$ cat my_file_15.pdb   # PDB, C-alpha atoms and all ligand atoms
ATOM      1  CA  MET O 294      35.338  -7.721   5.041
ATOM      2  CA  LEU O 295      32.195  -7.761   7.172
ATOM      3  CA  LEU O 296      30.234 -10.422   5.291
ATOM      4  CA  GLU O 297      32.916 -12.707   3.893
ATOM      5  CA  GLY O 298      31.529 -16.214   3.317
ATOM      6  CA  LYS O 299      27.902 -15.226   3.942
ATOM      7  CA  ASN O 300      24.950 -15.838   1.637
ATOM      8  CA  ALA O 301      22.502 -12.951   1.533
ATOM      9  CA  VAL O 302      19.070 -12.865  -0.091
ATOM     10  CA  VAL O 303      17.827  -9.398  -1.032
ATOM     11  CA  TYR O 304      14.132  -9.300  -1.908
ATOM     12  CA  GLY O 305      13.361  -6.327  -4.133
ATOM     13  CA  GLY O 306      17.030  -6.338  -5.131
ATOM     14  CA  GLY O 307      16.315  -4.483  -8.381
ATOM     15  CA  GLY O 308      14.894  -1.456  -6.562
ATOM     16  CA  ALA O 309      16.581   1.637  -5.177
ATOM     17  CA  ILE O 310      17.036   0.442  -1.578
ATOM     18  CA  GLY O 311      17.362  -3.258  -2.442
ATOM     19  CA  GLY O 312      19.987  -2.476  -5.072
ATOM     20  CA  ALA O 313      21.965  -0.284  -2.680
ATOM     21  CA  VAL O 314      21.863  -2.921   0.054
ATOM     22  CA  ALA O 315      22.846  -5.674  -2.389
ATOM     23  CA  ARG O 316      25.849  -3.615  -3.551
ATOM     24  CA  ALA O 317      26.853  -2.984   0.068
ATOM     25  CA  PHE O 318      26.517  -6.670   0.990
ATOM     26  CA  ALA O 319      28.552  -7.739  -2.043
ATOM     27  CA  GLY O 320      31.143  -5.057  -1.332
ATOM     28  CA  GLU O 321      31.596  -6.631   2.112
ATOM     29  CA  GLY O 322      32.172 -10.080   0.605
ATOM     30  CA  ALA O 323      28.704 -11.648   0.670
ATOM     31  CA  ARG O 324      27.385 -13.853  -2.112
ATOM     32  CA  VAL O 325      24.174 -12.052  -3.011
ATOM     33  CA  PHE O 326      20.928 -13.578  -4.266
ATOM     34  CA  LEU O 327      18.708 -10.899  -5.770
ATOM     35  CA  ALA O 328      14.999 -11.687  -5.931
ATOM     36  CA  GLY O 329      12.230  -9.604  -7.453
ATOM     37  CA  ARG O 330       9.646  -9.462 -10.196
ATOM     38  CA  THR O 331      11.554  -7.848 -13.071
ATOM     39  CA  LEU O 332      14.613  -9.767 -14.242
ATOM     40  CA  ALA O 333      16.097  -6.857 -16.200
ATOM     41  CA  LYS O 334      16.277  -4.678 -13.064
ATOM     42  CA  LEU O 335      17.832  -7.498 -11.041
ATOM     43  CA  ASP O 336      20.332  -8.270 -13.786
ATOM     44  CA  GLU O 337      21.401  -4.613 -13.936
ATOM     45  CA  VAL O 338      22.309  -4.615 -10.239
ATOM     46  CA  ALA O 339      23.922  -8.057 -10.467
ATOM     47  CA  GLY O 340      25.984  -6.973 -13.480
ATOM     48  CA  GLU O 341      27.274  -3.960 -11.599
ATOM     49  CA  ILE O 342      28.182  -6.121  -8.599
ATOM     50  CA  ARG O 343      30.026  -8.617 -10.805
ATOM     51  CA  SER O 344      31.919  -5.905 -12.644
ATOM     52  CA  ASN O 345      33.164  -4.732  -9.237
ATOM     53  CA  GLY O 346      34.413  -8.235  -8.437
ATOM     54  CA  GLY O 347      31.426  -9.386  -6.387
ATOM     55  CA  VAL O 348      29.222 -12.453  -6.643
ATOM     56  CA  ALA O 349      25.522 -12.036  -7.435
ATOM     57  CA  GLU O 350      22.738 -14.214  -8.763
ATOM     58  CA  THR O 351      19.217 -13.301  -9.780
ATOM     59  CA  ALA O 352      15.801 -14.953  -9.708
ATOM     60  CA  VAL O 353      12.285 -13.859 -10.544
ATOM     61  CA  VAL O 354      10.223 -14.217  -7.375
ATOM     62  CA  ASP O 355       6.870 -12.628  -6.607
ATOM     63  CA  ALA O 356       7.115 -12.138  -2.851
ATOM     64  CA  LEU O 357       3.315 -12.271  -2.527
ATOM     65  CA  ASP O 358       3.401 -15.818  -3.929
ATOM     66  CA  GLU O 359       3.928 -18.155  -0.998
ATOM     67  CA  ARG O 360       5.083 -21.073  -3.096
ATOM     68  CA  ALA O 361       7.504 -18.965  -5.160
ATOM     69  CA  VAL O 362       9.139 -17.567  -1.998
ATOM     70  CA  GLU O 363       9.487 -21.042  -0.488
ATOM     71  CA  GLU O 364      10.877 -22.567  -3.679
ATOM     72  CA  HIS O 365      13.413 -19.768  -4.058
ATOM     73  CA  ALA O 366      14.638 -20.028  -0.455
ATOM     74  CA  GLY O 367      14.959 -23.791  -0.894
ATOM     75  CA  ALA O 368      16.902 -23.346  -4.125
ATOM     76  CA  VAL O 369      19.324 -20.892  -2.483
ATOM     77  CA  VAL O 370      19.998 -23.348   0.348
ATOM     78  CA  GLU O 371      20.430 -26.150  -2.164
ATOM     79  CA  GLU O 372      22.936 -24.136  -4.168
ATOM     80  CA  ALA O 373      24.807 -22.199  -1.485
ATOM     81  CA  GLY O 374      24.406 -24.380   1.609
ATOM     82  CA  GLY O 375      22.333 -21.915   3.625
ATOM     83  CA  ILE O 376      20.927 -18.420   4.022
ATOM     84  CA  ASP O 377      22.839 -16.196   6.432
ATOM     85  CA  VAL O 378      21.086 -12.901   5.754
ATOM     86  CA  SER O 379      17.644 -11.939   4.460
ATOM     87  CA  PHE O 380      16.701  -8.357   3.625
ATOM     88  CA  ASN O 381      13.244  -7.274   2.445
ATOM     89  CA  ALA O 382      13.238  -4.058   0.375
ATOM     90  CA  ILE O 383       9.992  -4.700  -1.459
ATOM     91  CA  SER O 384       7.714  -1.741  -2.112
ATOM     92  CA  ILE O 385       4.383  -1.965  -0.336
ATOM     93  CA  ARG O 386       1.792  -0.417  -2.696
ATOM     94  CA  ASP O 387       1.027   2.523  -0.436
ATOM     95  CA  VAL O 388      -1.622   5.065  -1.363
ATOM     96  CA  GLN O 389      -0.917   8.441   0.223
ATOM     97  CA  LEU O 390      -2.269  11.987   0.002
ATOM     98  CA  VAL O 391      -5.941  10.949   0.023
ATOM     99  CA  PRO O 392      -7.822  12.434   3.007
ATOM    100  CA  PHE O 393      -8.586   9.852   5.699
ATOM    101  CA  VAL O 394     -12.313  10.517   5.474
ATOM    102  CA  GLU O 395     -12.267   9.791   1.728
ATOM    103  CA  ILE O 396      -9.758   6.963   1.287
ATOM    104  CA  SER O 397     -11.222   3.633   0.187
ATOM    105  CA  ARG O 398     -10.856   0.507   2.267
ATOM    106  CA  GLY O 399      -8.741  -1.093  -0.469
ATOM    107  CA  ASP O 400      -6.335   1.830  -0.745
ATOM    108  CA  PHE O 401      -5.998   2.128   3.030
ATOM    109  CA  MET O 402      -5.352  -1.581   3.525
ATOM    110  CA  SER O 403      -3.069  -1.997   0.481
ATOM    111  CA  PRO O 404       0.296  -1.168   2.142
ATOM    112  CA  ILE O 405      -0.686  -2.911   5.375
ATOM    113  CA  LEU O 406      -1.565  -6.152   3.602
ATOM    114  CA  THR O 407       1.294  -5.979   1.097
ATOM    115  CA  GLY O 408       3.995  -5.016   3.600
ATOM    116  CA  THR O 409       3.019  -7.528   6.251
ATOM    117  CA  THR O 410       2.483 -10.308   3.711
ATOM    118  CA  THR O 411       5.845 -10.022   1.938
ATOM    119  CA  HIS O 412       7.675  -9.540   5.225
ATOM    120  CA  PHE O 413       5.902 -12.536   6.763
ATOM    121  CA  LEU O 414       6.486 -14.824   3.785
ATOM    122  CA  THR O 415      10.134 -13.905   3.222
ATOM    123  CA  ALA O 416      11.020 -13.935   6.929
ATOM    124  CA  ARG O 417       9.291 -17.266   7.454
ATOM    125  CA  ALA O 418      11.048 -18.873   4.496
ATOM    126  CA  ALA O 419      14.478 -17.590   5.529
ATOM    127  CA  GLY O 420      13.887 -17.894   9.284
ATOM    128  CA  ARG O 421      12.990 -21.571   9.147
ATOM    129  CA  ARG O 422      16.179 -22.350   7.252
ATOM    130  CA  MET O 423      18.297 -20.144   9.516
ATOM    131  CA  ALA O 424      16.844 -21.744  12.660
ATOM    132  CA  GLU O 425      17.738 -25.195  11.329
ATOM    133  CA  ARG O 426      21.384 -24.104  11.080
ATOM    134  CA  GLY O 427      21.372 -22.148  14.350
ATOM    135  CA  SER O 428      22.265 -18.741  12.916
ATOM    136  CA  GLY O 429      21.104 -15.963  10.622
ATOM    137  CA  VAL O 430      19.962 -12.363  10.414
ATOM    138  CA  ILE O 431      16.593 -11.124   9.153
ATOM    139  CA  LEU O 432      16.507  -7.443   8.239
ATOM    140  CA  THR O 433      13.212  -5.677   7.586
ATOM    141  CA  LEU O 434      12.324  -2.191   6.415
ATOM    142  CA  SER O 435       9.987   0.500   7.719
ATOM    143  CA  SER O 436       9.918   4.259   7.356
ATOM    144  CA  SER O 437       9.745   7.499   9.313
ATOM    145  CA  ALA O 438       6.007   7.431   8.561
ATOM    146  CA  VAL O 439       5.595   5.277  11.675
ATOM    147  CA  ARG O 440       6.135   8.546  13.564
ATOM    148  CA  GLY O 441       4.655  10.846  10.914
ATOM    149  CA  PHE O 442       2.195  12.587  13.185
ATOM    150  CA  VAL O 443       2.142  16.135  11.862
ATOM    151  CA  PRO O 444      -0.947  18.286  11.295
ATOM    152  CA  GLY O 445      -2.886  17.386   8.162
ATOM    153  CA  VAL O 446      -0.632  14.501   7.125
ATOM    154  CA  ARG O 447      -2.240  12.104   4.638
ATOM    155  CA  LEU O 448      -0.300   8.857   4.893
ATOM    156  CA  GLY O 449      -3.166   6.392   4.436
ATOM    157  CA  GLY O 450      -2.047   3.016   5.771
ATOM    158  CA  PHE O 451       1.662   3.607   5.067
ATOM    159  CA  GLY O 452       2.731   4.354   8.660
ATOM    160  CA  ILE O 453       0.573   1.558  10.038
ATOM    161  CA  ALA O 454       2.246  -0.887   7.653
ATOM    162  CA  GLY O 455       5.676   0.173   8.971
ATOM    163  CA  THR O 456       4.482  -0.120  12.559
ATOM    164  CA  ALA O 457       3.261  -3.654  11.849
ATOM    165  CA  ILE O 458       6.562  -4.570  10.177
ATOM    166  CA  GLU O 459       8.490  -3.279  13.204
ATOM    167  CA  ALA O 460       6.239  -5.354  15.502
ATOM    168  CA  LEU O 461       6.714  -8.415  13.274
ATOM    169  CA  THR O 462      10.490  -7.935  13.520
ATOM    170  CA  LYS O 463      10.362  -7.965  17.323
ATOM    171  CA  LEU O 464       8.180 -11.084  17.260
ATOM    172  CA  LEU O 465      10.713 -12.795  14.985
ATOM    173  CA  ALA O 466      13.559 -11.794  17.290
ATOM    174  CA  ALA O 467      11.725 -13.289  20.266
ATOM    175  CA  GLU O 468      10.721 -16.528  18.569
ATOM    176  CA  LEU O 469      13.931 -17.240  16.699
ATOM    177  CA  GLY O 470      16.487 -15.744  19.097
ATOM    178  CA  PRO O 471      16.879 -19.013  21.029
ATOM    179  CA  GLN O 472      17.856 -20.642  17.700
ATOM    180  CA  GLY O 473      20.550 -18.072  17.010
ATOM    181  CA  VAL O 474      18.597 -15.867  14.608
ATOM    182  CA  ARG O 475      18.649 -12.077  14.967
ATOM    183  CA  ALA O 476      16.011  -9.699  13.562
ATOM    184  CA  VAL O 477      16.339  -5.928  13.136
ATOM    185  CA  CYS O 478      14.150  -3.395  11.326
ATOM    186  CA  LEU O 479      15.744  -0.479   9.480
ATOM    187  CA  ARG O 480      13.579   2.635   9.768
ATOM    188  CA  SER O 481      14.549   5.063   7.022
ATOM    189  CA  GLU O 482      13.545   8.622   6.311
ATOM    190  CA  GLY O 483      12.574   9.405   2.708
ATOM    191  CA  ILE O 484      15.611   9.167   0.425
ATOM    192  CA  PRO O 485      15.434  11.884  -2.263
ATOM    193  CA  GLU O 486      17.985  10.243  -4.580
ATOM    194  CA  SER O 487      15.664   7.223  -4.822
ATOM    195  CA  TRP O 488      12.845   9.376  -6.163
ATOM    196  CA  LYS O 489      14.534  10.235  -9.435
ATOM    197  CA  ASP O 490      12.057   8.130 -11.391
ATOM    198  CA  ALA O 491       9.034   9.171  -9.364
ATOM    199  CA  SER O 492       6.439  11.241 -11.132
ATOM    200  CA  THR O 493       5.813  14.500  -9.309
ATOM    201  CA  GLU O 494       2.152  14.012 -10.186
ATOM    202  CA  ASP O 495       2.089  11.440  -7.391
ATOM    203  CA  TRP O 496       3.255  13.955  -4.829
ATOM    204  CA  SER O 497       1.617  16.927  -3.209
ATOM    205  CA  ALA O 498       4.754  19.016  -3.743
ATOM    206  CA  PRO O 499       7.818  18.882  -6.032
ATOM    207  CA  THR O 500      10.447  16.484  -4.741
ATOM    208  CA  ALA O 501      12.905  19.360  -4.126
ATOM    209  CA  GLU O 502      10.363  20.916  -1.794
ATOM    210  CA  ILE O 503       9.886  17.637   0.071
ATOM    211  CA  GLU O 504      13.670  17.269   0.374
ATOM    212  CA  ALA O 505      13.947  20.765   1.851
ATOM    213  CA  HIS O 506      11.135  19.963   4.270
ATOM    214  CA  ILE O 507      12.917  16.787   5.445
ATOM    215  CA  LYS O 508      16.218  18.656   5.896
ATOM    216  CA  ALA O 509      14.485  21.314   7.949
ATOM    217  CA  ARG O 510      13.150  18.627  10.328
ATOM    218  CA  SER O 511      16.453  16.697  10.485
ATOM    219  CA  LEU O 512      18.557  17.208  13.612
ATOM    220  CA  LEU O 513      21.572  16.864  11.312
ATOM    221  CA  GLY O 514      20.247  19.121   8.547
ATOM    222  CA  ARG O 515      20.628  16.323   6.004
ATOM    223  CA  THR O 516      18.657  13.631   4.237
ATOM    224  CA  THR O 517      19.301   9.920   4.483
ATOM    225  CA  THR O 518      21.120   8.401   1.486
ATOM    226  CA  LEU O 519      20.990   4.985  -0.146
ATOM    227  CA  ALA O 520      24.608   4.505   0.974
ATOM    228  CA  ASP O 521      23.531   5.162   4.588
ATOM    229  CA  VAL O 522      21.018   2.322   4.340
ATOM    230  CA  GLY O 523      23.534  -0.004   2.657
ATOM    231  CA  ASN O 524      26.219   0.682   5.265
ATOM    232  CA  ALA O 525      23.836   0.143   8.180
ATOM    233  CA  ALA O 526      22.413  -3.041   6.648
ATOM    234  CA  ALA O 527      25.898  -4.483   6.102
ATOM    235  CA  PHE O 528      26.880  -3.751   9.701
ATOM    236  CA  LEU O 529      23.642  -5.142  11.164
ATOM    237  CA  ALA O 530      23.936  -8.280   9.015
ATOM    238  CA  SER O 531      27.472  -8.889  10.221
ATOM    239  CA  ASP O 532      28.785 -10.592  13.335
ATOM    240  CA  ARG O 533      29.949  -7.175  14.561
ATOM    241  CA  ALA O 534      26.297  -6.591  15.457
ATOM    242  CA  ALA O 535      26.019  -9.938  17.275
ATOM    243  CA  ALA O 536      24.417  -8.330  20.341
ATOM    244  CA  THR O 537      21.729  -6.493  18.378
ATOM    245  CA  THR O 538      18.269  -7.967  17.872
ATOM    246  CA  GLY O 539      14.605  -7.139  18.400
ATOM    247  CA  THR O 540      15.077  -3.455  17.718
ATOM    248  CA  VAL O 541      14.541  -0.688  15.196
ATOM    249  CA  PHE O 542      17.630   0.953  13.736
ATOM    250  CA  ASN O 543      17.008   4.656  13.303
ATOM    251  CA  LEU O 544      18.111   5.835   9.849
ATOM    252  CA  THR O 545      16.081   9.031   9.800
ATOM    253  CA  SER O 546      18.983  11.501  10.137
ATOM    254  CA  GLY O 547      17.224  12.714  13.258
ATOM    255  CA  THR O 548      13.792  13.544  11.877
ATOM    256  CA  VAL O 549      12.545  10.957  14.355
ATOM    257  CA  VAL O 550      13.943  10.753  17.874
ATOM    258  CA  ASP O 551      13.129   7.544  19.750
TER
HETATM  259  N1  LIG O 601      12.844   5.215  -1.091
HETATM  260  C1  LIG O 601      12.513   5.849   0.024
HETATM  261  O1  LIG O 601      12.574   7.088   0.140
HETATM  262  C2  LIG O 601      12.057   5.024   1.214
HETATM  263  C3  LIG O 601      12.239   5.528   2.493
HETATM  264  C4  LIG O 601      11.794   4.790   3.583
HETATM  265  C5  LIG O 601      11.206   3.547   3.399
HETATM  266  N2  LIG O 601      11.043   3.071   2.138
HETATM  267  C6  LIG O 601      10.400   1.745   1.975
HETATM  268  O2  LIG O 601      11.182   0.977   1.106
HETATM  269  C7  LIG O 601      10.371   0.436   0.077
HETATM  270  C8  LIG O 601      11.244   0.289  -1.171
HETATM  271  O3  LIG O 601      11.672   1.571  -1.582
HETATM  272  P1  LIG O 601      12.481   1.759  -2.940
HETATM  273  O4  LIG O 601      12.672   3.218  -3.111
HETATM  274  O5  LIG O 601      13.653   0.871  -2.970
HETATM  275  O6  LIG O 601      11.384   1.257  -4.006
HETATM  276  P2  LIG O 601      11.623   0.729  -5.483
HETATM  277  O7  LIG O 601      12.835   1.345  -6.079
HETATM  278  O8  LIG O 601      10.312   0.878  -6.172
HETATM  279  O9  LIG O 601      11.944  -0.832  -5.287
HETATM  280  C9  LIG O 601      10.980  -1.717  -4.850
HETATM  281  C10 LIG O 601      11.309  -3.075  -5.405
HETATM  282  O10 LIG O 601      10.340  -4.016  -4.938
HETATM  283  C11 LIG O 601      10.077  -4.924  -5.989
HETATM  284  N3  LIG O 601       8.773  -5.531  -5.805
HETATM  285  C12 LIG O 601       7.557  -4.924  -5.711
HETATM  286  N4  LIG O 601       6.600  -5.831  -5.503
HETATM  287  C13 LIG O 601       7.219  -7.045  -5.475
HETATM  288  C14 LIG O 601       6.753  -8.371  -5.282
HETATM  289  N5  LIG O 601       5.456  -8.656  -5.087
HETATM  290  N6  LIG O 601       7.659  -9.362  -5.305
HETATM  291  C15 LIG O 601       8.972  -9.109  -5.508
HETATM  292  N7  LIG O 601       9.464  -7.875  -5.680
HETATM  293  C16 LIG O 601       8.593  -6.859  -5.677
HETATM  294  C17 LIG O 601      10.122  -4.076  -7.222
HETATM  295  O11 LIG O 601      10.388  -4.901  -8.331
HETATM  296  P3  LIG O 601       9.527  -4.738  -9.671
HETATM  297  O12 LIG O 601       9.766  -3.317 -10.128
HETATM  298  O13 LIG O 601      10.093  -5.758 -10.557
HETATM  299  O14 LIG O 601       8.104  -4.965  -9.278
HETATM  300  C18 LIG O 601      11.273  -3.128  -6.932
HETATM  301  O15 LIG O 601      12.495  -3.633  -7.398
HETATM  302  C19 LIG O 601       9.230   1.462  -0.051
HETATM  303  O16 LIG O 601       8.063   0.941  -0.607
HETATM  304  C20 LIG O 601       9.008   1.869   1.368
HETATM  305  O17 LIG O 601       8.147   0.946   1.996
HETATM  306  C21 LIG O 601      11.468   3.766   1.044
END
$ encode --input "my_file_15.pdb" --output "structure tokens" --more "lines below"
Ligand SMILES: NC(=O)c1ccc[n+]([C@@H]2O[C@H](COP(=O)([O-])OP(=O)(O)OC[C@H]3O[C@@H](n4cnc5c(N)ncnc54)[C@H](OP(=O)(O)O)[C@@H]3O)[C@@H](O)[C@H]2O)c1
Amino acid sequence: MLLEGKNAVVYGGGGAIGGAVARAFAGEGARVFLAGRTLAKLDEVAGEIRSNGGVAETAVVDALDERAVEEHAGAVVEEAGGIDVSFNAISIRDVQLVPFVEISRGDFMSPILTGTTTHFLTARAAGRRMAERGSGVILTLSSSAVRGFVPGVRLGGFGIAGTAIEALTKLLAAELGPQGVRAVCLRSEGIPESWKDASTEDWSAPTAEIEAHIKARSLLGRTTTLADVGNAAAFLASDRAAATTGTVFNLTSGTVVD
């Protein structure tokens, strides 16, 4: 198995992407530490992992709370001996669909501040502990919105947040590489199966229409799945990807070509 003997922290582990990545990590033999705000959601994912023979633990952590993030990372090291993998799948409070000339400062800045803050705090907490041991992998998350330049698009600060997270990932790779720590950002296209709970009132078009639009732009004529993200994250977290750092892993099914 790819991650046998590794300890992996998944922030936002009760969410769609975090849950999928946690299941993939556990399926590859990692001991998974799920962190997020709502214990019931974390426990649901952990229960599923355990019933499939995996090892998962949960903790309530607000990733915008510096002290809570630090205390949790310290507790994981105390209990498990170290953090080998950190993955941030925390949602970033984006406000989309409002015209640029009308969006408020707060709504525009919300995803930029939230995304960079949780990625900074979680990567710093894990990175420090990984550097001390001379190894580790920090995985971050952005979206195709970083290249979402189509006429009339109304992304607010969402794409800028992803761009900042990708830049932060490269900075981490540069600073912590000499201490054996790798950093890679996963850039995903929208994942329709993760929208099942989303209210269509929040969208400019029904989700089926958005899915068709994504497929039409995809070089592969498909949409990215949660399993795609889990598989890629497990590979990138593993020693098989030992030569990969400071880059963005394209999970857009070809809607974005680098
Ligand atoms: N899904 C997609 O189509 C897609 C595609 C590309 C990129 N992305 C990126 O991935 C992010 C996650 O997507 P998702 O579909 O997995 O969202 P999701 O299902 O809403 O999961 C987000 C998770 O983040 C947790 N969270 C939010 N604020 C937190 C905080 N301050 N501290 C700790 N945990 C917190 C939530 O927990 P609580 O519910 O307990 O607050 C939730 O479990 C998106 O926001 C976006 O930036 C998503």
$ residues_near_point --input "my_file_15.pdb" --point "(27.1, -11.0, -4.7)" --cutoff "9 Å" --atoms "only C-alpha atoms" --output "compact mmCIF listing (two decimals) with C-alpha atoms, in the coordinates of the input"
# COMPACT_ATOMS: atom_id res chain seq x y z
CA ASN O 300 24.95 -15.84 1.64
CA ALA O 301 22.50 -12.95 1.53
CA ALA O 315 22.85 -5.67 -2.39
CA ARG O 316 25.85 -3.62 -3.55
CA PHE O 318 26.52 -6.67 0.99
CA ALA O 319 28.55 -7.74 -2.04
CA GLY O 320 31.14 -5.06 -1.33
CA GLY O 322 32.17 -10.08 0.60
CA ALA O 323 28.70 -11.65 0.67
CA ARG O 324 27.38 -13.85 -2.11
CA VAL O 325 24.17 -12.05 -3.01
CA PHE O 326 20.93 -13.58 -4.27
CA LEU O 327 18.71 -10.90 -5.77
CA ALA O 339 23.92 -8.06 -10.47
CA ILE O 342 28.18 -6.12 -8.60
CA ARG O 343 30.03 -8.62 -10.80
CA GLY O 346 34.41 -8.24 -8.44
CA GLY O 347 31.43 -9.39 -6.39
CA VAL O 348 29.22 -12.45 -6.64
CA ALA O 349 25.52 -12.04 -7.44
CA GLU O 350 22.74 -14.21 -8.76
$ resolve_selection --input "my_file_15.pdb" --expression "the PyMOL selection byres (((chain O and resi 439) around 9) and not hetatm)" --output "MDAnalysis selection string"
chainID O and resid 435:438 440:442 451:456 480
$ write_last_selection --input "my_file_15.pdb" --atoms "C-alpha atoms" --output "mmCIF file, keeping the file's coordinate frame"
data_model
loop_
_atom_site.group_PDB
_atom_site.id
_atom_site.type_symbol
_atom_site.label_atom_id
_atom_site.label_comp_id
_atom_site.auth_asym_id
_atom_site.auth_seq_id
_atom_site.Cartn_x
_atom_site.Cartn_y
_atom_site.Cartn_z
ATOM 1 C CA SER O 435 9.987 0.500 7.719
ATOM 2 C CA SER O 436 9.918 4.259 7.356
ATOM 3 C CA SER O 437 9.745 7.499 9.313
ATOM 4 C CA ALA O 438 6.007 7.431 8.561
ATOM 5 C CA ARG O 440 6.135 8.546 13.564
ATOM 6 C CA GLY O 441 4.655 10.846 10.914
ATOM 7 C CA PHE O 442 2.195 12.587 13.185
ATOM 8 C CA PHE O 451 1.662 3.607 5.067
ATOM 9 C CA GLY O 452 2.731 4.354 8.660
ATOM 10 C CA ILE O 453 0.573 1.558 10.038
ATOM 11 C CA ALA O 454 2.246 -0.887 7.653
ATOM 12 C CA GLY O 455 5.676 0.173 8.971
ATOM 13 C CA THR O 456 4.482 -0.120 12.559
ATOM 14 C CA ARG O 480 13.579 2.635 9.768
#
$ closest_atom_pairs --input "my_file_15.pdb" --of "range 436-505 of chain O" --to "range 386-401 of chain O" --cutoff "7 Å" --atoms "all atoms listed in the file" --output "tab-separated table"
residue	atom	partner	partner_atom	distance
O:Arg447	CA	O:Leu390	CA	4.6
O:Leu448	CA	O:Gln389	CA	4.7
O:Gly449	CA	O:Gln389	CA	5.2
O:Gly450	CA	O:Phe401	CA	4.9
O:Phe451	CA	O:Asp387	CA	5.6
$ residues_near_ligand --input "my_file_15.pdb" --ligand "ligand LIG 601 (chain O)" --cutoff "7 Å" --atoms "all atoms listed in the file" --output "VMD selection string"
chain O and resid 304 to 311 328 to 331 334 354 to 357 382 to 386 434 to 437 480 to 485 487 to 488
$ resolve_selection --input "my_file_15.pdb" --expression "the PyMOL selection byres (((chain O and resi 541) around 9) and not hetatm)" --output "VMD selection string"
chain O and resid 435 459 462 to 463 477 to 480 538 to 540 542 to 543
$ resolve_selection --input "my_file_15.pdb" --expression "the PyMOL selection byres (((chain O and resi 520) around 9) and not hetatm)" --output "ChimeraX atom specification"
/O:310,313-314,317,517-519,521-525
$ closest_residue --input "my_file_15.pdb" --among "O:Ser428, O:Thr500, O:Gln472, O:Ser379" --to "Asp532 in chain O" --atoms "all atoms listed in the file"
O:Ser428
$ atom_distance --input "my_file_15.pdb" --atom1 "CA of Glu502 in chain O" --atom2 "CA of Thr516 in chain O"
12.6 Å
$ atom_distance --input "my_file_15.pdb" --atom1 "CA of His412 in chain O" --atom2 "CA of Val474 in chain O"
15.7 Å
$ residues_around --input "my_file_15.pdb" --residues "Glu321 in chain O" --least-positions-apart "6" --cutoff "8 Å" --atoms "all atoms listed in the file" --output "number ranges by chain"
O: 294-297, 527
$ write_last_selection --input "my_file_15.pdb" --atoms "C-alpha atoms" --output "short mmCIF file (atom, residue, chain, number, x, y, z; two decimals), keeping the file's coordinate frame"
data_model
loop_
_atom_site.label_atom_id
_atom_site.label_comp_id
_atom_site.auth_asym_id
_atom_site.auth_seq_id
_atom_site.Cartn_x
_atom_site.Cartn_y
_atom_site.Cartn_z
CA MET O 294 35.34 -7.72 5.04
CA LEU O 295 32.20 -7.76 7.17
CA LEU O 296 30.23 -10.42 5.29
CA GLU O 297 32.92 -12.71 3.89
CA ALA O 527 25.90 -4.48 6.10
#
$ atom_distance --input "my_file_15.pdb" --atom1 "CA of Gly312 in chain O" --atom2 "CA of Lys508 in chain O"
24.1 Å
$ closest_residue --input "my_file_15.pdb" --among "O:Ala333, O:Ala534, O:Ala352, O:Met423" --to "Gly374 in chain O" --atoms "only C-alpha atoms"
O:Met423
$ closest_residue --input "my_file_15.pdb" --among "O:Ser403, O:Leu432, O:Gly408, O:Val302" --to "Val369 in chain O" --atoms "only C-alpha atoms"
O:Val302
$ residues_around --input "my_file_15.pdb" --residues "Ala416 in chain O" --least-positions-apart "2" --cutoff "9 Å" --atoms "all atoms listed in the file" --output "VMD selection string"
chain O and resid 379 to 381 411 to 414 418 to 421 431 to 433 462 465
$ closest_residue --input "my_file_15.pdb" --among "O:Leu406, O:Ala373, O:Ala361, O:Ala476" --to "Val430 in chain O" --atoms "all atoms listed in the file"
O:Ala476
$ closest_residue --input "my_file_15.pdb" --among "O:Leu335, O:Leu512, O:Pro471, O:Val549" --to "Val443 in chain O" --atoms "all atoms listed in the file"
O:Val549
$ decode --input "my_file_15.pdb" --residues "range 503-511 of chain O" --atoms "N, CA and C atoms" --output "CSV table (one decimal), in the first residue's frame"
chain,number,residue,atom,x,y,z
O,503,ILE,N,-24.5,23.2,-15.4
O,503,ILE,CA,-23.1,23.5,-15.2
O,503,ILE,C,-22.2,22.3,-15.5
O,504,GLU,N,-22.7,21.1,-15.1
O,504,GLU,CA,-22.0,19.9,-15.4
O,504,GLU,C,-21.8,19.7,-17.0
O,505,ALA,N,-22.9,19.9,-17.7
O,505,ALA,CA,-22.8,19.8,-19.2
O,505,ALA,C,-21.8,20.8,-19.7
O,506,HIS,N,-21.8,22.0,-19.1
O,506,HIS,CA,-20.9,23.1,-19.6
O,506,HIS,C,-19.4,22.7,-19.3
O,507,ILE,N,-19.2,22.1,-18.2
O,507,ILE,CA,-17.8,21.6,-17.9
O,507,ILE,C,-17.4,20.5,-18.8
O,508,LYS,N,-18.3,19.6,-19.1
O,508,LYS,CA,-17.9,18.5,-20.0
O,508,LYS,C,-17.6,19.0,-21.4
O,509,ALA,N,-18.4,20.0,-21.8
O,509,ALA,CA,-18.2,20.5,-23.1
O,509,ALA,C,-16.8,21.2,-23.3
O,510,ARG,N,-16.3,21.7,-22.1
O,510,ARG,CA,-14.9,22.4,-22.2
O,510,ARG,C,-13.8,21.4,-21.9
O,511,SER,N,-14.2,20.2,-21.4
O,511,SER,CA,-13.1,19.2,-21.0
O,511,SER,C,-12.5,18.5,-22.3
